[in-house]
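Inspection log for the structure reproduced underneath, given as structure tokens.
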2 protein chains.
Amino acid sequence: MSEAVEQVPVRRGRRPRGADTRAALLAAAREVFSEQGYDGATVRAIAGRAGVDAAMVNHWFGGKDKLFSEAVLQLPFNPNEIVADLMKGDIDDLGIRIIRRFLATWDAQDGGVFAALIRSVAAHEQVAHALRDFFTRHVFGQLAGRVTTDDPALRANLIASQLIGLGVTRYVARFDPMATADVETLAAAIGPNIQRYLTGSLSS
Amino acid sequence: MSEAVEQVPVRRGRRPRGADTRAALLAAAREVFSEQGYDGATVRAIAGRAGVDAAMVNHWFGGKDKLFSEAVLQLPFNPNEIVADLMKGDIDDLGIRIIRRFLATWDAQDGGVFAALIRSVAAHEQVAHALRDFFTRHVFGQLAGRVTTDDPALRANLIASQLIGLGVTRYVARFDPMATADVETLAAAIGPNIQRYLTGSLSS
């Protein structure tokens with residue numbers, strides 16, 4: 001049914017079609033989730049911002065939770081690209097590259113998307129699961145699995161814990177100086193700790 | 001005015017008085033904030049749980065935000081006691097002792113209070129400020145200030161970032177194996193990273 005609706009020619013200049021609809025919904029979802037949080041963001045508001053019918057959310061994403069997951073968790077980055085990028089270069093500097101990448105990604109959005117993510121994780125079990133899968137399976141599980149065979153699941157969790165804590169203190173609670181420190185200061189301070197989680201001994 | 005109300009003899013067996021009122025409100029607040037989050041927890045509900053008049057919240061705490069701060073941020077521990085306890089023993093093991101103490105404190109409450117704290121931080125600027133003050137000034141600022149004079153504010157922020165991330169992954173998002181790992185595994189895995197933030201070089 002949604003498919004039929006989608007194939008009806010839309011009014012010129014008002015509604016995007018096909019893949020454009022999907023991209024417009026993702027962009028709108030990122031804005032609205034960032035402004036309103038998961039609860040406050042309605043499918044209607046997101047569709048309205050994208051200039052498409054609300055039925056398109058189900059058609060393209062299968063619901064608000066999956067749209068959230070794609071819009072906030074998987075974009076603005078592709079996990080496979082991240083892993084491929086990060087693996088370029090010396091394995092001993094991987095921790096520092098991870099911090100640079102993390103800050104470049106979230107600083108660019110002024111932290112609003114990260115704050116929306118944390119608010120949603122705290123309030124919704126489903127979102128917490130999505131975040132967990134994203135961090136542990138798609139990104140850091142892959143990374144940890146490439147650099148060591150020694151307890152990659154725990155290592156992926158430890159890396160996630162430091163990055164989430166960095167995000168909460170920089171973007172949500174806005175600790176001083178964490179919120180204003182420059183990228184290289186934080187990469188030098190935190191990178192080696194990420195590196196230990198990746199390749200160091202976890203028994204003290 | 002509140003003082004006058006407080007001094008009126010209360011009905012036998014129903015309402016606690018004086019310091020008992022304060023303690024009853026703190027205990028009730030911890031329960032209700034944990035169950036409902038900051039927003040959901042009303043002054044009326046907390047006072048009702050404590051068996052006292054809602055005016056007692058203003059009398060003893062000056063409002064819901066200050067009650068929250070005392071009930072959730074400052075209890076179940078006293079920052080001065082924590083610092084004094086943690087400073088006992090070898091400075092080189094301080095990172096491990098911090099992780100043990102953090103987990104002993106929050107594990108005992110099954111993570112509900114920590115989750116309430118994070119939900120509240122994400123939703124309320126004021127709560128975020130209270131958390132920031134608590135972590136940086138009262139606890140880790142003091143610790144970092146005792147063990148080093150080299151950038152104690154950044155070090156306190158870094159320690160807070162790792163501990164908050166540990167709490168979010170263990171108690172809120174419940175990552176696997178983070179949520180179920182035993183205390184000594186995590187103390188050995190994370191303690192040395194806290195130690196580096198306390199006493200190590202922060203330039204890589």
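Each chain of the structure tokens is named A, B, ... in the order shown, its residues numbered from 1; ligands are numbered from 1 in display order.
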* To do: May I have the residues within 8 Å of Ala116 in chain A as a ChimeraX atom specification, using only C-alpha atoms and disregarding those fewer than 2 positions away in the same chain?
  => /A:33-38,112-114,118-120
For the reference chain B, what are the coordinates of chain A after least-squares fitting (all Cα, in-order pairing), as an mmCIF file with C-alpha atoms, in the first residue's frame?
data_model
loop_
_atom_site.group_PDB
_atom_site.id
_atom_site.type_symbol
_atom_site.label_atom_id
_atom_site.label_comp_id
_atom_site.auth_asym_id
_atom_site.auth_seq_id
_atom_site.Cartn_x
_atom_site.Cartn_y
_atom_site.Cartn_z
ATOM 1 C CA MET A 1 6.224 29.313 58.423
ATOM 2 C CA SER A 2 7.500 25.880 57.558
ATOM 3 C CA GLU A 3 9.304 25.964 60.887
ATOM 4 C CA ALA A 4 6.029 26.594 62.702
ATOM 5 C CA VAL A 5 4.379 23.739 60.866
ATOM 6 C CA GLU A 6 7.295 21.497 61.737
ATOM 7 C CA GLN A 7 6.996 22.286 65.459
ATOM 8 C CA VAL A 8 3.339 21.382 65.648
ATOM 9 C CA PRO A 9 3.177 17.974 67.328
ATOM 10 C CA VAL A 10 2.428 15.347 64.698
ATOM 11 C CA ARG A 11 0.137 12.392 65.017
ATOM 12 C CA ARG A 12 1.730 9.499 66.821
ATOM 13 C CA GLY A 13 3.243 6.832 64.575
ATOM 14 C CA ARG A 14 2.500 8.666 61.380
ATOM 15 C CA ARG A 15 4.905 11.504 60.796
ATOM 16 C CA PRO A 16 8.575 11.634 61.734
ATOM 17 C CA ARG A 17 9.906 14.912 63.187
ATOM 18 C CA GLY A 18 12.973 17.111 62.816
ATOM 19 C CA ALA A 19 16.096 15.299 61.676
ATOM 20 C CA ASP A 20 13.967 12.197 61.188
ATOM 21 C CA THR A 21 11.878 14.097 58.655
ATOM 22 C CA ARG A 22 14.993 15.009 56.747
ATOM 23 C CA ALA A 23 16.288 11.442 56.723
ATOM 24 C CA ALA A 24 12.876 10.088 55.746
ATOM 25 C CA LEU A 25 12.678 12.549 52.848
ATOM 26 C CA LEU A 26 16.137 11.574 51.625
ATOM 27 C CA ALA A 27 15.283 7.880 51.704
ATOM 28 C CA ALA A 28 11.949 8.464 49.990
ATOM 29 C CA ALA A 29 13.556 10.749 47.400
ATOM 30 C CA ARG A 30 16.146 8.116 46.496
ATOM 31 C CA GLU A 31 13.379 5.586 45.913
ATOM 32 C CA VAL A 32 11.042 7.862 43.992
ATOM 33 C CA PHE A 33 13.756 9.485 41.809
ATOM 34 C CA SER A 34 15.045 6.018 41.042
ATOM 35 C CA GLU A 35 11.599 4.774 40.048
ATOM 36 C CA GLN A 36 10.319 7.855 38.223
ATOM 37 C CA GLY A 37 13.316 9.900 37.118
ATOM 38 C CA TYR A 38 13.680 13.581 37.917
ATOM 39 C CA ASP A 39 10.682 14.749 35.909
ATOM 40 C CA GLY A 40 8.297 12.043 37.010
ATOM 41 C CA ALA A 41 9.144 12.354 40.691
ATOM 42 C CA THR A 42 6.851 14.928 42.288
ATOM 43 C CA VAL A 43 7.485 16.639 45.601
ATOM 44 C CA ARG A 44 4.070 15.397 46.661
ATOM 45 C CA ALA A 45 4.945 11.776 45.870
ATOM 46 C CA ILE A 46 8.254 11.989 47.718
ATOM 47 C CA ALA A 47 6.679 13.617 50.764
ATOM 48 C CA GLY A 48 3.876 11.041 50.678
ATOM 49 C CA ARG A 49 6.361 8.192 50.616
ATOM 50 C CA ALA A 50 8.145 9.745 53.593
ATOM 51 C CA GLY A 51 4.867 10.265 55.427
ATOM 52 C CA VAL A 52 5.395 14.012 55.812
ATOM 53 C CA ASP A 53 3.805 17.170 54.463
ATOM 54 C CA ALA A 54 5.031 18.361 51.055
ATOM 55 C CA ALA A 55 6.017 21.698 52.641
ATOM 56 C CA MET A 56 8.800 19.830 54.440
ATOM 57 C CA VAL A 57 10.700 19.467 51.160
ATOM 58 C CA ASN A 58 11.115 23.214 50.891
ATOM 59 C CA HIS A 59 11.760 23.524 54.591
ATOM 60 C CA TRP A 60 14.582 20.997 54.697
ATOM 61 C CA PHE A 61 16.025 21.198 51.199
ATOM 62 C CA GLY A 62 14.800 24.369 49.525
ATOM 63 C CA GLY A 63 13.195 22.580 46.599
ATOM 64 C CA LYS A 64 13.115 19.486 44.440
ATOM 65 C CA ASP A 65 16.424 20.161 42.686
ATOM 66 C CA LYS A 66 18.351 20.461 45.925
ATOM 67 C CA LEU A 67 16.626 17.403 47.361
ATOM 68 C CA PHE A 68 17.645 15.533 44.218
ATOM 69 C CA SER A 69 21.171 16.718 44.540
ATOM 70 C CA GLU A 70 21.440 15.526 48.130
ATOM 71 C CA ALA A 71 19.499 12.329 47.684
ATOM 72 C CA VAL A 72 20.962 11.112 44.423
ATOM 73 C CA LEU A 73 24.279 12.867 43.978
ATOM 74 C CA GLN A 74 25.621 13.128 47.504
ATOM 75 C CA LEU A 75 24.170 10.041 49.017
ATOM 76 C CA PRO A 76 24.710 7.124 49.549
ATOM 77 C CA PHE A 77 28.148 8.543 50.124
ATOM 78 C CA ASN A 78 29.861 11.492 51.686
ATOM 79 C CA PRO A 79 32.512 12.971 49.376
ATOM 80 C CA ASN A 80 34.923 13.740 52.192
ATOM 81 C CA GLU A 81 34.662 10.195 53.483
ATOM 82 C CA ILE A 82 35.224 8.814 50.012
ATOM 83 C CA VAL A 83 38.329 10.893 49.511
ATOM 84 C CA ALA A 84 39.673 10.012 52.958
ATOM 85 C CA ASP A 85 38.995 6.298 52.375
ATOM 86 C CA LEU A 86 40.492 6.248 48.916
ATOM 87 C CA MET A 87 43.655 8.010 50.030
ATOM 88 C CA LYS A 88 44.366 5.177 52.484
ATOM 89 C CA GLY A 89 46.846 2.840 50.855
ATOM 90 C CA ASP A 90 49.362 2.944 48.044
ATOM 91 C CA ILE A 91 48.901 5.829 45.599
ATOM 92 C CA ASP A 92 49.804 3.453 42.759
ATOM 93 C CA ASP A 93 46.661 1.391 43.405
ATOM 94 C CA LEU A 94 44.351 4.371 43.724
ATOM 95 C CA GLY A 95 42.822 3.779 40.275
ATOM 96 C CA ILE A 96 41.834 0.236 41.175
ATOM 97 C CA ARG A 97 40.432 1.350 44.543
ATOM 98 C CA ILE A 98 38.329 3.997 42.769
ATOM 99 C CA ILE A 99 36.766 1.363 40.479
ATOM 100 C CA ARG A 100 36.090 -0.990 43.409
ATOM 101 C CA ARG A 101 34.475 1.842 45.360
ATOM 102 C CA PHE A 102 32.409 3.038 42.403
ATOM 103 C CA LEU A 103 31.079 -0.458 41.703
ATOM 104 C CA ALA A 104 30.458 -1.245 45.388
ATOM 105 C CA THR A 105 28.423 1.954 45.709
ATOM 106 C CA TRP A 106 26.264 1.608 42.618
ATOM 107 C CA ASP A 107 26.040 -2.195 42.313
ATOM 108 C CA ALA A 108 24.455 -2.182 45.777
ATOM 109 C CA GLN A 109 21.510 -0.272 44.365
ATOM 110 C CA ASP A 110 21.163 -2.437 41.287
ATOM 111 C CA GLY A 111 21.984 0.545 39.098
ATOM 112 C CA GLY A 112 18.539 2.138 39.426
ATOM 113 C CA VAL A 113 19.848 5.262 41.102
ATOM 114 C CA PHE A 114 22.625 5.626 38.549
ATOM 115 C CA ALA A 115 20.137 5.274 35.706
ATOM 116 C CA ALA A 116 17.919 7.924 37.322
ATOM 117 C CA LEU A 117 20.936 10.185 37.598
ATOM 118 C CA ILE A 118 21.845 9.830 33.913
ATOM 119 C CA ARG A 119 18.254 10.304 32.777
ATOM 120 C CA SER A 120 18.116 13.473 34.835
ATOM 121 C CA VAL A 121 21.480 14.759 33.644
ATOM 122 C CA ALA A 122 20.432 14.264 30.030
ATOM 123 C CA ALA A 123 17.179 16.137 30.552
ATOM 124 C CA HIS A 124 18.165 18.940 32.931
ATOM 125 C CA GLU A 125 20.917 21.486 32.695
ATOM 126 C CA GLN A 126 20.740 22.089 36.475
ATOM 127 C CA VAL A 127 21.261 18.448 37.277
ATOM 128 C CA ALA A 128 24.161 18.298 34.838
ATOM 129 C CA HIS A 129 25.749 21.201 36.722
ATOM 130 C CA ALA A 130 25.223 19.499 40.048
ATOM 131 C CA LEU A 131 26.836 16.320 38.754
ATOM 132 C CA ARG A 132 29.743 18.253 37.321
ATOM 133 C CA ASP A 133 30.341 20.034 40.613
ATOM 134 C CA PHE A 134 30.084 16.832 42.540
ATOM 135 C CA PHE A 135 32.525 14.921 40.389
ATOM 136 C CA THR A 136 35.041 17.597 39.686
ATOM 137 C CA ARG A 137 35.063 19.698 42.816
ATOM 138 C CA HIS A 138 34.092 17.423 45.650
ATOM 139 C CA VAL A 139 35.533 14.102 44.683
ATOM 140 C CA PHE A 140 37.992 13.863 41.837
ATOM 141 C CA GLY A 141 39.202 17.424 41.971
ATOM 142 C CA GLN A 142 40.224 16.735 45.567
ATOM 143 C CA LEU A 143 41.815 13.444 44.682
ATOM 144 C CA ALA A 144 43.627 14.723 41.622
ATOM 145 C CA GLY A 145 44.746 17.785 43.578
ATOM 146 C CA ARG A 146 46.286 15.542 46.218
ATOM 147 C CA VAL A 147 48.233 13.314 43.894
ATOM 148 C CA THR A 148 49.411 15.820 41.292
ATOM 149 C CA THR A 149 49.628 19.529 40.584
ATOM 150 C CA ASP A 150 49.771 18.881 36.832
ATOM 151 C CA ASP A 151 46.388 19.814 35.341
ATOM 152 C CA PRO A 152 44.113 18.453 38.090
ATOM 153 C CA ALA A 153 40.959 19.855 36.438
ATOM 154 C CA LEU A 154 41.471 17.962 33.186
ATOM 155 C CA ARG A 155 42.428 14.833 35.144
ATOM 156 C CA ALA A 156 39.262 15.071 37.221
ATOM 157 C CA ASN A 157 37.206 15.402 34.013
ATOM 158 C CA LEU A 158 38.918 12.402 32.446
ATOM 159 C CA ILE A 159 38.265 10.240 35.518
ATOM 160 C CA ALA A 160 34.640 11.360 35.549
ATOM 161 C CA SER A 161 34.327 10.496 31.854
ATOM 162 C CA GLN A 162 35.509 6.920 32.410
ATOM 163 C CA LEU A 163 33.334 6.398 35.500
ATOM 164 C CA ILE A 164 30.219 7.850 33.877
ATOM 165 C CA GLY A 165 30.814 5.686 30.813
ATOM 166 C CA LEU A 166 31.269 2.651 33.050
ATOM 167 C CA GLY A 167 27.982 3.467 34.775
ATOM 168 C CA VAL A 168 26.089 4.012 31.517
ATOM 169 C CA THR A 169 27.298 0.769 29.961
ATOM 170 C CA ARG A 170 26.854 -1.299 33.154
ATOM 171 C CA TYR A 171 23.620 0.109 34.584
ATOM 172 C CA VAL A 172 21.763 1.953 31.834
ATOM 173 C CA ALA A 173 22.521 0.460 28.405
ATOM 174 C CA ARG A 174 23.533 -2.861 30.074
ATOM 175 C CA PHE A 175 26.225 -3.873 27.625
ATOM 176 C CA ASP A 176 27.323 -7.470 27.647
ATOM 177 C CA PRO A 177 29.698 -8.400 29.353
ATOM 178 C CA MET A 178 29.987 -5.020 31.120
ATOM 179 C CA ALA A 179 26.669 -5.428 32.936
ATOM 180 C CA THR A 180 27.560 -8.814 34.398
ATOM 181 C CA ALA A 181 31.355 -8.716 34.777
ATOM 182 C CA ASP A 182 32.578 -9.143 38.345
ATOM 183 C CA VAL A 183 34.130 -6.298 40.285
ATOM 184 C CA GLU A 184 37.699 -7.585 40.215
ATOM 185 C CA THR A 185 37.657 -8.135 36.454
ATOM 186 C CA LEU A 186 36.566 -4.540 35.932
ATOM 187 C CA ALA A 187 38.921 -3.162 38.597
ATOM 188 C CA ALA A 188 41.841 -4.856 36.819
ATOM 189 C CA ALA A 189 40.667 -3.754 33.373
ATOM 190 C CA ILE A 190 39.732 -0.134 34.148
ATOM 191 C CA GLY A 191 41.763 0.691 37.281
ATOM 192 C CA PRO A 192 45.062 1.232 35.423
ATOM 193 C CA ASN A 193 43.361 3.647 33.024
ATOM 194 C CA ILE A 194 42.047 5.668 35.976
ATOM 195 C CA GLN A 195 45.548 5.527 37.431
ATOM 196 C CA ARG A 196 46.995 7.020 34.240
ATOM 197 C CA TYR A 197 44.471 9.863 34.430
ATOM 198 C CA LEU A 198 45.533 10.457 38.045
ATOM 199 C CA THR A 199 49.289 10.267 37.839
ATOM 200 C CA GLY A 200 50.409 9.493 34.289
ATOM 201 C CA SER A 201 51.527 11.754 31.481
ATOM 202 C CA LEU A 202 48.587 13.127 29.525
ATOM 203 C CA SER A 203 50.604 13.951 26.435
ATOM 204 C CA SER A 204 51.252 10.902 24.323
#
* Apply DSSP to the backbone of this structure and, from range 1-201 of chain A, keep only the residues in alpha helix (DSSP H); write these as a VMD selection string. => chain A and resid 2 to 7 18 to 40 43 to 50 55 to 61 64 to 68 79 to 87 94 to 107 112 to 123 125 to 132 142 to 147 152 to 167 183 to 199
